[in-house]
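S.K.: Sharing start_39.cif (mmCIF, C-alpha atoms) below.
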```cif
data_protein
loop_
_atom_site.label_atom_id
_atom_site.label_comp_id
_atom_site.auth_asym_id
_atom_site.auth_seq_id
_atom_site.Cartn_x
_atom_site.Cartn_y
_atom_site.Cartn_z
CA MET A 1 46.12 161.64 108.13
CA SER A 2 48.85 159.38 109.49
CA LEU A 3 52.54 160.25 109.40
CA PRO A 4 53.44 157.69 106.66
CA GLU A 5 50.62 159.09 104.47
CA ARG A 6 51.93 162.62 105.00
CA LEU A 7 55.43 161.46 104.07
CA ASP A 8 53.99 159.81 100.94
CA ASP A 9 52.29 163.09 100.01
CA LEU A 10 55.55 164.96 100.54
CA ALA A 11 57.36 162.48 98.32
CA ARG A 12 54.69 162.89 95.62
CA LEU A 13 55.13 166.68 95.78
CA THR A 14 58.71 166.24 94.58
CA GLY A 15 57.42 164.59 91.39
CA ILE A 16 59.96 161.77 91.64
CA PRO A 17 57.44 158.88 92.16
CA GLN A 18 55.45 160.10 89.13
CA LEU A 19 58.68 160.30 87.11
CA GLY A 20 59.42 156.66 88.03
CA ASP A 21 55.98 155.63 86.76
CA LEU A 22 56.47 157.52 83.50
CA ILE A 23 59.89 155.91 82.93
CA ALA A 24 58.52 152.43 83.72
CA THR A 25 55.70 152.84 81.19
CA GLY A 26 57.91 154.51 78.59
CA THR A 27 55.59 157.54 78.36
CA GLN A 28 58.07 160.10 79.68
CA ARG A 29 58.76 163.02 77.35
CA ARG A 30 62.38 162.81 76.21
CA ARG A 31 64.28 165.74 74.79
CA HIS A 32 67.27 166.41 72.59
CA LEU A 33 69.96 167.67 74.96
CA ARG A 34 72.61 169.12 72.69
CA TRP A 35 74.43 171.63 74.88
CA MET A 36 74.13 170.38 78.46
CA PRO A 37 76.21 167.21 77.80
CA MET A 38 78.87 169.38 76.20
CA ILE A 39 78.96 171.61 79.28
CA ALA A 40 79.18 168.56 81.58
CA LEU A 41 81.92 167.05 79.43
CA VAL A 42 83.97 170.27 79.31
CA VAL A 43 83.64 170.82 83.08
CA ALA A 44 84.62 167.19 83.82
CA THR A 45 87.53 167.27 81.33
CA VAL A 46 88.91 170.52 82.77
CA GLY A 47 88.40 168.93 86.20
CA ILE A 48 90.37 165.75 85.44
CA ILE A 49 93.18 167.82 83.89
CA ALA A 50 93.20 170.12 86.94
CA VAL A 51 93.31 167.15 89.35
CA GLY A 52 96.89 166.57 88.26
CA SER A 53 98.03 169.98 89.48
CA ASN A 54 95.38 171.17 91.94
CA ILE A 55 93.15 168.59 93.59
CA GLN A 56 91.04 171.23 95.41
CA ILE A 57 89.89 172.71 92.09
CA GLY A 58 89.94 169.57 89.93
CA MET A 59 87.86 167.22 92.06
CA PRO A 60 84.90 169.59 92.61
CA MET A 61 84.82 170.35 88.88
CA LEU A 62 84.88 166.65 88.07
CA PHE A 63 81.99 165.97 90.44
CA VAL A 64 79.98 168.94 89.15
CA GLY A 65 80.33 167.51 85.64
CA GLU A 66 79.25 164.12 86.91
CA MET A 67 76.29 165.54 88.86
CA ILE A 68 75.03 167.25 85.69
CA ALA A 69 75.59 164.05 83.70
CA PHE A 70 73.51 161.93 86.10
CA TRP A 71 70.33 163.60 84.79
CA PHE A 72 70.90 162.80 81.11
CA PRO A 73 69.71 159.16 81.18
CA LEU A 74 66.46 160.39 82.76
CA PHE A 75 65.63 163.19 80.32
CA GLY A 76 67.79 162.58 77.23
CA PRO A 77 66.73 160.81 74.04
CA ILE A 78 68.21 157.41 75.00
CA LYS A 79 65.88 155.07 76.86
CA PRO A 80 67.58 152.96 79.57
CA TRP A 81 68.76 149.41 78.74
CA GLY A 82 66.35 147.69 81.11
CA THR A 83 63.27 149.44 79.73
CA LEU A 84 61.06 147.41 77.43
CA ALA A 85 57.86 149.47 77.62
CA GLY A 86 57.70 152.13 74.92
CA VAL A 87 60.94 151.01 73.27
CA ASP A 88 60.57 150.34 69.56
CA GLU A 89 63.04 149.45 66.80
CA ARG A 90 64.15 153.08 66.26
CA ASP A 91 64.83 153.51 69.99
CA ARG A 92 66.89 150.32 69.96
CA GLN A 93 68.89 151.43 66.92
CA LEU A 94 69.50 154.88 68.43
CA ARG A 95 70.63 153.29 71.70
CA ARG A 96 72.86 150.75 69.92
CA ASP A 97 74.59 153.43 67.82
CA ALA A 98 75.01 155.78 70.79
CA TYR A 99 76.52 153.12 73.05
CA PHE A 100 78.76 151.79 70.28
CA THR A 101 80.25 155.28 69.96
CA THR A 102 80.42 155.64 73.74
CA PHE A 103 82.26 152.37 74.33
CA THR A 104 84.67 153.19 71.49
CA VAL A 105 85.49 156.57 73.05
CA ILE A 106 85.75 155.13 76.58
CA SER A 107 88.06 152.34 75.39
CA ALA A 108 90.30 154.84 73.63
CA VAL A 109 90.40 157.20 76.64
CA ALA A 110 91.02 154.29 79.05
CA ILE A 111 93.91 152.93 76.95
CA LEU A 112 95.35 156.44 76.60
CA GLY A 113 94.99 156.91 80.36
CA LEU A 114 96.77 153.63 81.11
CA PHE A 115 99.81 154.88 79.22
CA ALA A 116 99.51 158.54 80.25
CA LEU A 117 99.18 157.95 84.01
CA PRO A 118 102.58 156.30 84.60
CA ALA A 119 104.18 158.69 82.11
CA LEU A 120 102.72 161.73 83.91
CA ALA A 121 103.70 160.31 87.28
CA PHE A 122 107.24 159.84 86.02
CA VAL A 123 107.60 163.23 84.29
CA ALA A 124 105.92 165.28 87.03
CA ALA A 125 107.51 163.18 89.79
CA TRP A 126 104.17 162.42 91.45
CA ASP A 127 104.34 160.67 94.78
CA ARG A 128 102.39 157.47 95.39
CA ALA A 129 99.57 159.25 97.28
CA ARG A 130 98.86 161.59 94.37
CA LEU A 131 98.86 158.73 91.90
CA ILE A 132 96.49 156.72 94.10
CA PHE A 133 94.21 159.77 94.34
CA PHE A 134 94.30 160.37 90.58
CA MET A 135 93.27 156.83 89.63
CA PRO A 136 89.74 156.91 91.17
CA ALA A 137 89.34 160.43 89.73
CA PHE A 138 90.12 158.98 86.31
CA ALA A 139 87.56 156.20 86.90
CA ALA A 140 85.00 158.89 87.81
CA TYR A 141 85.85 160.69 84.57
CA LEU A 142 85.23 157.49 82.58
CA MET A 143 81.89 157.18 84.40
CA CYS A 144 81.08 160.73 83.35
CA LEU A 145 81.84 159.80 79.73
CA LEU A 146 79.50 156.80 80.05
CA LEU A 147 76.69 159.06 81.24
CA THR A 148 77.31 161.90 78.80
CA ILE A 149 78.30 160.55 75.40
CA PRO A 150 75.16 158.46 74.64
CA THR A 151 72.95 161.54 75.14
CA LEU A 152 75.38 163.76 73.23
CA HIS A 153 75.58 161.31 70.31
CA ALA A 154 71.83 160.70 70.09
CA SER A 155 71.00 164.40 70.43
CA TRP A 156 73.27 165.40 67.55
CA ALA A 157 72.60 162.33 65.37
CA THR A 158 68.91 163.19 65.07
CA ARG A 159 67.01 166.43 64.68
CA PRO A 160 64.17 167.25 67.08
CA LEU A 161 60.77 166.34 65.68
CA GLU A 162 58.17 169.07 65.36
CA ASP A 163 54.71 168.37 66.76
CA GLU A 164 52.03 167.15 64.36
CA MET B 165 70.96 154.27 51.53
CA GLN B 166 68.02 156.63 51.69
CA ILE B 167 64.60 154.99 51.40
CA HIS B 168 61.87 157.35 50.25
CA ASN B 169 58.31 156.87 51.43
CA ARG B 170 54.80 158.20 51.00
CA ILE B 171 53.57 157.55 54.53
CA ALA B 172 52.62 161.21 55.15
CA LEU B 173 50.60 161.30 51.92
CA PHE B 174 48.71 158.11 52.71
CA ARG B 175 48.18 159.18 56.29
CA SER B 176 46.85 162.56 55.23
CA GLU B 177 44.59 160.99 52.62
CA ARG B 178 43.09 158.60 55.19
CA GLY B 179 42.91 161.24 57.94
CA THR B 180 45.04 159.09 60.22
CA SER B 181 47.11 160.68 62.95
CA ARG B 182 50.69 159.68 63.72
CA ARG B 183 49.55 158.19 67.00
CA GLU B 184 46.82 156.06 65.36
CA LEU B 185 49.26 154.68 62.82
CA ALA B 186 51.92 154.18 65.51
CA ASP B 187 49.50 152.25 67.73
CA ALA B 188 48.43 150.10 64.78
CA VAL B 189 52.00 149.10 63.88
CA ASP B 190 53.28 149.01 67.48
CA VAL B 191 55.88 151.80 67.45
CA ASN B 192 56.14 155.25 69.06
CA PRO B 193 54.48 158.20 67.28
CA GLN B 194 57.92 159.85 67.05
CA THR B 195 59.14 156.93 64.97
CA ILE B 196 56.39 157.62 62.41
CA GLY B 197 57.51 161.26 62.33
CA TYR B 198 61.15 160.29 61.75
CA LEU B 199 60.08 157.81 59.05
CA GLU B 200 58.05 160.46 57.23
CA ARG B 201 60.94 162.91 57.37
CA GLY B 202 63.29 160.26 55.96
CA ASP B 203 65.52 160.29 59.04
CA TYR B 204 64.96 156.62 59.76
CA ASN B 205 64.82 153.57 57.50
CA PRO B 206 62.29 151.02 58.76
CA SER B 207 62.89 147.31 59.20
CA LEU B 208 61.22 145.02 56.67
CA GLU B 209 58.75 144.00 59.37
CA LEU B 210 57.72 147.60 60.10
CA ALA B 211 57.51 148.47 56.40
CA MET B 212 55.22 145.49 55.80
CA LYS B 213 53.07 146.36 58.82
CA ILE B 214 52.61 149.94 57.55
CA ALA B 215 51.80 148.70 54.04
CA ALA B 216 49.27 146.26 55.52
CA PHE B 217 47.70 149.06 57.55
CA PHE B 218 47.11 151.12 54.40
CA ASP B 219 46.22 147.95 52.44
CA VAL B 220 48.75 148.62 49.68
CA ALA B 221 51.87 146.88 48.40
CA VAL B 222 55.15 147.79 50.11
CA GLU B 223 56.55 149.28 46.89
CA HIS B 224 53.65 151.76 46.78
CA LEU B 225 54.85 153.16 50.09
CA PHE B 226 58.63 152.73 49.98
CA SER B 227 61.12 153.24 47.16
CA PHE B 228 64.83 153.74 46.57
CA GLU B 229 63.90 156.46 44.06
CA PRO B 230 62.08 159.68 45.08
CA PHE B 231 58.34 159.47 44.51
CA GLU B 232 56.64 161.70 41.97
CA SER B 233 54.86 164.61 43.70
CA VAL B 234 51.05 164.79 43.49
CA ALA B 235 51.25 168.03 41.42
CA VAL B 236 53.57 166.41 38.88
CA ALA B 237 51.38 163.31 38.71
CA LEU B 238 48.24 165.42 38.11
CA ARG B 239 49.96 167.43 35.36
CA ARG B 240 51.11 164.19 33.73
CA ILE B 241 47.57 162.78 33.83
CA ASP B 242 46.13 166.04 32.41
CA ALA B 243 48.67 165.98 29.61
CA ALA B 244 47.84 162.37 28.81
CA GLU B 245 44.14 163.18 28.57
#
```
Spell out the structure here as structure tokens.

M.R.:
Amino acid sequence: MSLPERLDDLARLTGIPQLGDLIATGTQRRRHLRWMPMIALVVATVGIIAVGSNIQIGMPMLFVGEMIAFWFPLFGPIKPWGTLAGVDERDRQLRRDAYFTTFTVISAVAILGLFALPALAFVAAWDRARLIFFMPAFAAYLMCLLLTIPTLHASWATRPLEDE
Amino acid sequence: MQIHNRIALFRSERGTSRRELADAVDVNPQTIGYLERGDYNPSLELAMKIAAFFDVAVEHLFSFEPFESVAVALRRIDAAE
């Protein structure tokens, strides 16, 4: 067996290539994830709040929340935008409702952040370096919301279906 | 507005699985489950496809009013006889 074939076998052992095939064909089993998004959201929210006072604690928490959130589009109830296979009218409605809620929340948080950031910087007398550091952290938090809220919304909007 | 349906009854009567019906009307089996449980209101297109599959009129399958249960219907027929 050649080296590339061995590497292919190793890659298949991880299950990731098979997962890609399942997602592409729309046959992947998707689950209601009701609590994990909440945990990711709480960790990320505590993280972004902590960034203001203690960057060493806040940033790792923010990234832990984001790392958890990265898995939701793969295993949660919402099928990705680009997927056509296995997506029917109920999937489209679920996705539309979930992203409508998500974009509403993100817009509200972003607008609030735009006003809160200069206010916080003024009140807490942040220097320019801290403000510059906080802004990408806030963008990462918005990214975490984008990954988390669709799964959270769809998981609580519908009840899991029992097997036939 | 809640739309009531008798998909589960028709499916049970014909011995059709969720997957068979789902394949016939081009949706996921889960969608049939959510329809039967009343958690999802179908589009007109899907409702007509399901009615066509069972070869009945749409109003025999879907209604704004709750359908009469089989037990109630049988008692009514017995009483009429």

S.K.: Go through the shown structure with the PyMOL selection byres ((chain A and resi 121) around 12) and write out the matching residues as a PDB file with C-alpha atoms, in the coordinates of the input.

M.R.:
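Written file, selection35.pdb:
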```pdb
ATOM      1  CA  GLY A  52      96.890 166.570  88.260  1.00  0.00           C
ATOM      2  CA  SER A  53      98.030 169.980  89.480  1.00  0.00           C
ATOM      3  CA  GLY A 113      94.990 156.910  80.360  1.00  0.00           C
ATOM      4  CA  LEU A 114      96.770 153.630  81.110  1.00  0.00           C
ATOM      5  CA  PHE A 115      99.810 154.880  79.220  1.00  0.00           C
ATOM      6  CA  ALA A 116      99.510 158.540  80.250  1.00  0.00           C
ATOM      7  CA  LEU A 117      99.180 157.950  84.010  1.00  0.00           C
ATOM      8  CA  PRO A 118     102.580 156.300  84.600  1.00  0.00           C
ATOM      9  CA  ALA A 119     104.180 158.690  82.110  1.00  0.00           C
ATOM     10  CA  LEU A 120     102.720 161.730  83.910  1.00  0.00           C
ATOM     11  CA  PHE A 122     107.240 159.840  86.020  1.00  0.00           C
ATOM     12  CA  VAL A 123     107.600 163.230  84.290  1.00  0.00           C
ATOM     13  CA  ALA A 124     105.920 165.280  87.030  1.00  0.00           C
ATOM     14  CA  ALA A 125     107.510 163.180  89.790  1.00  0.00           C
ATOM     15  CA  TRP A 126     104.170 162.420  91.450  1.00  0.00           C
ATOM     16  CA  ASP A 127     104.340 160.670  94.780  1.00  0.00           C
ATOM     17  CA  ARG A 128     102.390 157.470  95.390  1.00  0.00           C
ATOM     18  CA  ALA A 129      99.570 159.250  97.280  1.00  0.00           C
ATOM     19  CA  ARG A 130      98.860 161.590  94.370  1.00  0.00           C
ATOM     20  CA  LEU A 131      98.860 158.730  91.900  1.00  0.00           C
ATOM     21  CA  ILE A 132      96.490 156.720  94.100  1.00  0.00           C
ATOM     22  CA  PHE A 133      94.210 159.770  94.340  1.00  0.00           C
ATOM     23  CA  PHE A 134      94.300 160.370  90.580  1.00  0.00           C
ATOM     24  CA  MET A 135      93.270 156.830  89.630  1.00  0.00           C
TER      25      MET A 135
END
```

S.K.: Mind listing as a PyMOL selection string which residues of chain B are within 10 Å of chain A, counting all atoms listed in the file?

M.R.: chain B and resi 181-183+190-199+201+203-207+210

S.K.: Using atom CA of Ala137 of chain A and atom CA of Met59 of chain A as the two end points, give the distance in Å to one decimal.

M.R.: 7.3 Å

S.K.: Looking at B:Asp242, B:Val236, B:Gly202, B:Val189, which one is nearest to Phe217 of chain B, with distances taken over only C-alpha atoms?

M.R.: B:Val189

S.K.: Closest to Ala140 of chain A among A:Ala110, A:Ser2, A:Leu22, A:Thr104, using all atoms listed in the file?

M.R.: A:Ala110

S.K.: Take atom CA of Gly65 of chain A and atom CA of Arg30 of chain A and report the distance between them in Å, one decimal.

M.R.: 20.8 Å

S.K.: List, as a ChimeraX atom specification, every residue that the PyMOL selection byres ((chain A and resi 141) around 10) selects in the file provided.

M.R.: /A:41,44-45,47-48,62-63,65-66,106,109-110,135-140,142-147

S.K.: Considering only C-alpha atoms, state which residue in the set A:Leu3, A:Asp97, A:Phe72, A:Asp9 is at the smallest distance from Trp35 of chain A.

M.R.: A:Phe72

S.K.: Would you work out the distance separating atom CA of Phe228 of chain B from atom CA of Gln166 of chain B, expressed in Å to one decimal?

M.R.: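 Straight-line distance from atom CA of Phe228 of chain B to atom CA of Gln166 of chain B works out to 6.7 Å.
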
S.K.: Which one of A:Phe100, A:Leu74, A:Arg92, A:Thr14 sits closest to Pro150 of chain A if you count only C-alpha atoms?

M.R.: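 When distances to Pro150 of chain A are compared using only C-alpha atoms, the smallest one comes from A:Phe100.
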
S.K.: Run the PyMOL selection byres ((chain B and resi 175) around 12) on the file and write out the hits as a list in words.

M.R.: Glu164 of chain A; Asn169, Arg170, Ile171, Ala172, Leu173, Phe174, Ser176, Glu177, Arg178, Gly179, Thr180, Ser181, Arg182, Arg183, Glu184, Leu185, Ala186, Ile196, Gly197, Glu200, Ile214, Ala215, Phe217, Phe218 and Leu225 of chain B

S.K.: Limited to C-alpha atoms, could you put the picked residues into a file as a PDB file, in the coordinates of the input?

M.R.:
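Listed below is the output, again.pdb:
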```
ATOM      1  CA  GLU A 164      52.030 167.150  64.360  1.00  0.00           C
TER       2      GLU A 164
ATOM      3  CA  ASN B 169      58.310 156.870  51.430  1.00  0.00           C
ATOM      4  CA  ARG B 170      54.800 158.200  51.000  1.00  0.00           C
ATOM      5  CA  ILE B 171      53.570 157.550  54.530  1.00  0.00           C
ATOM      6  CA  ALA B 172      52.620 161.210  55.150  1.00  0.00           C
ATOM      7  CA  LEU B 173      50.600 161.300  51.920  1.00  0.00           C
ATOM      8  CA  PHE B 174      48.710 158.110  52.710  1.00  0.00           C
ATOM      9  CA  SER B 176      46.850 162.560  55.230  1.00  0.00           C
ATOM     10  CA  GLU B 177      44.590 160.990  52.620  1.00  0.00           C
ATOM     11  CA  ARG B 178      43.090 158.600  55.190  1.00  0.00           C
ATOM     12  CA  GLY B 179      42.910 161.240  57.940  1.00  0.00           C
ATOM     13  CA  THR B 180      45.040 159.090  60.220  1.00  0.00           C
ATOM     14  CA  SER B 181      47.110 160.680  62.950  1.00  0.00           C
ATOM     15  CA  ARG B 182      50.690 159.680  63.720  1.00  0.00           C
ATOM     16  CA  ARG B 183      49.550 158.190  67.000  1.00  0.00           C
ATOM     17  CA  GLU B 184      46.820 156.060  65.360  1.00  0.00           C
ATOM     18  CA  LEU B 185      49.260 154.680  62.820  1.00  0.00           C
ATOM     19  CA  ALA B 186      51.920 154.180  65.510  1.00  0.00           C
ATOM     20  CA  ILE B 196      56.390 157.620  62.410  1.00  0.00           C
ATOM     21  CA  GLY B 197      57.510 161.260  62.330  1.00  0.00           C
ATOM     22  CA  GLU B 200      58.050 160.460  57.230  1.00  0.00           C
ATOM     23  CA  ILE B 214      52.610 149.940  57.550  1.00  0.00           C
ATOM     24  CA  ALA B 215      51.800 148.700  54.040  1.00  0.00           C
ATOM     25  CA  PHE B 217      47.700 149.060  57.550  1.00  0.00           C
ATOM     26  CA  PHE B 218      47.110 151.120  54.400  1.00  0.00           C
ATOM     27  CA  LEU B 225      54.850 153.160  50.090  1.00  0.00           C
TER      28      LEU B 225
END
```
